[in-house]
Amino acid sequence: MSTNNTSMKKHMGLKASTRLSNTAIYIILVIISVIWLIPFVCIVLQSFRVESTWKVGYVIPQQWGLDNYVKLFQTNFPRWYANTFIIALVVAAVQTVIVLCMSYTLSRFRFKLRKPLMQFMLVLGMFPGILGMIILYRVLADLNLVGANSLPGLILVYVASSGMGYYVSKGFFDTLPKSLDEAARVDGATRAQVLTKIILPLSKPIVIYTILTGFMGPWGDFVFARYVSQLKPLGMNAAVGLQSWLATDTMTHDYYTMFCAGGVVVALPVALLFMCLQRYYVEGVTGGAVKG
Amino acid sequence: MKKYSDLEFLRLSKWQKFCYKIAAFFCSIPHAVGNLFKKIGLFFKNVFVSIGKELADVVTAFTKGDWKTKVSYVIMGFGNIARGQVLRGLMFLLFEAVFIFYMITTGSGWISMLPSLGKQGPQEIYDPILDTYHTEYGDNSFKILLYGVLTIFFIIAFIYTWRANIRQNQVAEKILRSGKKLKSGKQDLHSLVDDNFHKTLLALPLTGIVVFTVLPIFFMILVAFTNYNGAHNNGYTNALFNWVGLENFRTLFSWNVGGVNYAATFGEILTWTLLWAFLATFTNYFLGIFVAMMINKKGIRLKKVWRTILVLTIAIPQFISLLYVSRMFDKNGIVNGALMSLGLISEAIDFWGTAKLARIMVVVINIWIGIPYLMLIATGILMNIPADLYESAKIDGASGWKQFSKITLPYMLFITGPYLLTSFTGNMNNFNVIYLLTGGAPTNTAASGAAGSVGYTDLLITWLFKITTGSEAQYYLASVVGIMIFVVVALISLVVYNMLPSIKNEEDFQ
């Protein structure tokens, strides 16, 4: 009886201690969530502020209104938005094709230059990408693809080197059993048919992951877009354009709340898309990290 | 340093073990670096040996080959055509024709101008008939360098194709001697979707990489040995620049160039870059694991909600959140406003004003950015840790901390070792976080004379960017900095990567 009692007590003690630690965890998680959400809540609230365009020390607007959103569409912002959207669409499509070609080949084919090629690209990736920008800018300038006319130039720059980012999807293809290929080959399928008829239908997660990252990349790119557009209003993307509103103190004074509104307009579709496809993103990211 | 055997090691106290491991780590660095150079040496040796072999092979193929092969040494593709492989032969022939045409018309000109980078720049020439001046453009060093590099690439491609052409002849001879048939043009085409499908697939990606990455990098490496700067871009008025040898490297490493101490500036930025990469990587790593473990703990509800809230920072384009957060911490931003209205401070804190505070802020905000990624990754890995490991640990009476330090952490480190390395080098080149948060500020007054207005939070990569923008862009210095970034990243990657297995071994006998 007495032994039973002590074990009961011990059990109770354990339960109490887990309850205590769980409560502590809940408290920490709530604090973390608040910290993580504050900037986003603030940016939304400030985008509705009417009384002043300047940074003020408070968050909740004294006067609510859609003024900032209305004004937003009288500036170059719609053009920046359209620029970014077009770039993102084209890059998502072309980059996906290129990355899949590259990763599938490196995963499935065994040819003489495979290893040297992969090592070469690894070394190549150690050079800072901005470095090549200087000459690319001059060449694009000679082709008249910079400044206000930067759309094709930017797309070219984003897409051309995307083959280097093959790691995540190669990791995915490595997990697909090779026996699938072999069975199809025995049945007389060509290599191309194996890819289109067998592998691609199985690769939905990685295709979606590649499209998603390809689409999101141009929304966040700053450095290349700034370099190629040379701060010409018609050639900027959303990131460069909105940053230019906060470039100096006087600019910030006039445009701060409009920047918030612009941020909301940019973030909404991208974030929604991301949230819908979150599962694929998580799969890609975790797979990539485990493979190294 | 004295090496302990396994038995001796086990006898040490915990503190001694810890010290021993740290000492062992640092003692192995020279060895790893030495190995690295040995490997580089071996690599070059192998390259030369294989070039020698190729040359010998080419010579023997010529002496032993039949007349068709011999003609192919001059007229590429002749052997193919003579043996009935018309399609292949024509491709070779076409390539040779294009190459020769290009070299005669323009290529040789670019190559011959490469050593001098052009002699006669643009000048005003008096026109006696119209009685005006007109500009004669003359040589343009940028174009000479660019097309010179292109021509060199073309020549290398030609040599490679020429070698392939000879090898084809050798193979064809061998096949015919054994009594088999050669592939027809139709079969060749078909093989592009079958046995040679990889060539079809790689054609587009590799072309892109060569043209938009390899070529520019090769070009920029060459720029490091010239005096090319922004002034040479202005409307062809001053289009000539020339080779300066190692001058630019000397500038970066010298104590006094026109009153500027570039060595100290570079050293300071490099130190901060490494410190930043270290802090950014490991704070994110451990805090990310910590958060993931909290969310995944048994009995915690609303797992999906917590995760979604964190993932929001990934979903929203970084430039928005970074720019906004940096303004939140402004002198008259929300944070100061809130702290003042709560009465916690009486005067606004200038978060971006001093070097120390700005650096701390950057690291802290980077945690805000980085934890969600690590949370996702760690969640994936935590699920894969065999549950029975924890069960048996619990039965043995291991505490929560023991379970973490003996099971979770070693497992995580073991699996994510390569990831840690890539995220370290990625953080070294983390342009967005630094540039959008601070733009490098506060200004480093000690380095005010150096190019590109250096700030205390500037990384090498943002410094490079600053040097290359504006009217006083110093491209030559930027490419030297770029090369230095490459050297540092490559050294760290190779040394640490070769040491990763040793870390693994250490884990084994814990």
# chains A, B, ... in the order shown; residues from 1 in each chain; ligands from 1
>>> interface_residues(of="chain A", to="chain B", cutoff="7 Å", atoms="only C-alpha atoms", output="VMD selection string")
chain A and resid 22 25 33 36 39 55 to 59 98 101 to 102 105 109 126 to 128 131 to 132 135 to 136 160 to 161 163 190 to 192 219 to 220 239 263 267 270 to 271 274 282 285 to 286 289 to 290 292
>>> select_by_dssp(residues="region 62-265 of chain A", states="alpha helix (DSSP H)", output="PyMOL selection string")
chain A and resi 67-72+77-108+114-124+129-142+150-160+167-175+178-186+191-193+200-202+204-220+223-229+238-245+249-265
>>> closest_residue(among="A:Val266, A:Cys42, A:Leu117, A:Leu277", to="Leu212 (chain A)", atoms="only C-alpha atoms")
A:Leu277
>>> residues_around(residues="Lys3 (chain B)", least_positions_apart="2", cutoff="12 Å", atoms="only C-alpha atoms", output="list in words")
Met1, Ser5, Asp6, Leu7, Glu8, Phe9, Tyr20, Lys21, Ala23, Ala24, Cys27 and Ser28 of chain B
>>> residues_around(residues="Phe172 (chain A)", least_positions_apart="2", cutoff="10 Å", atoms="only C-alpha atoms", output="PyMOL selection string")
chain A and resi 103-104+107+167-170+174-176+203+205-206+283-284+287-288+291
>>> closest_residue(among="B:Leu389, B:Leu477, B:Val495, B:Leu287", to="Phe266 (chain B)", atoms="only C-alpha atoms")
B:Leu477
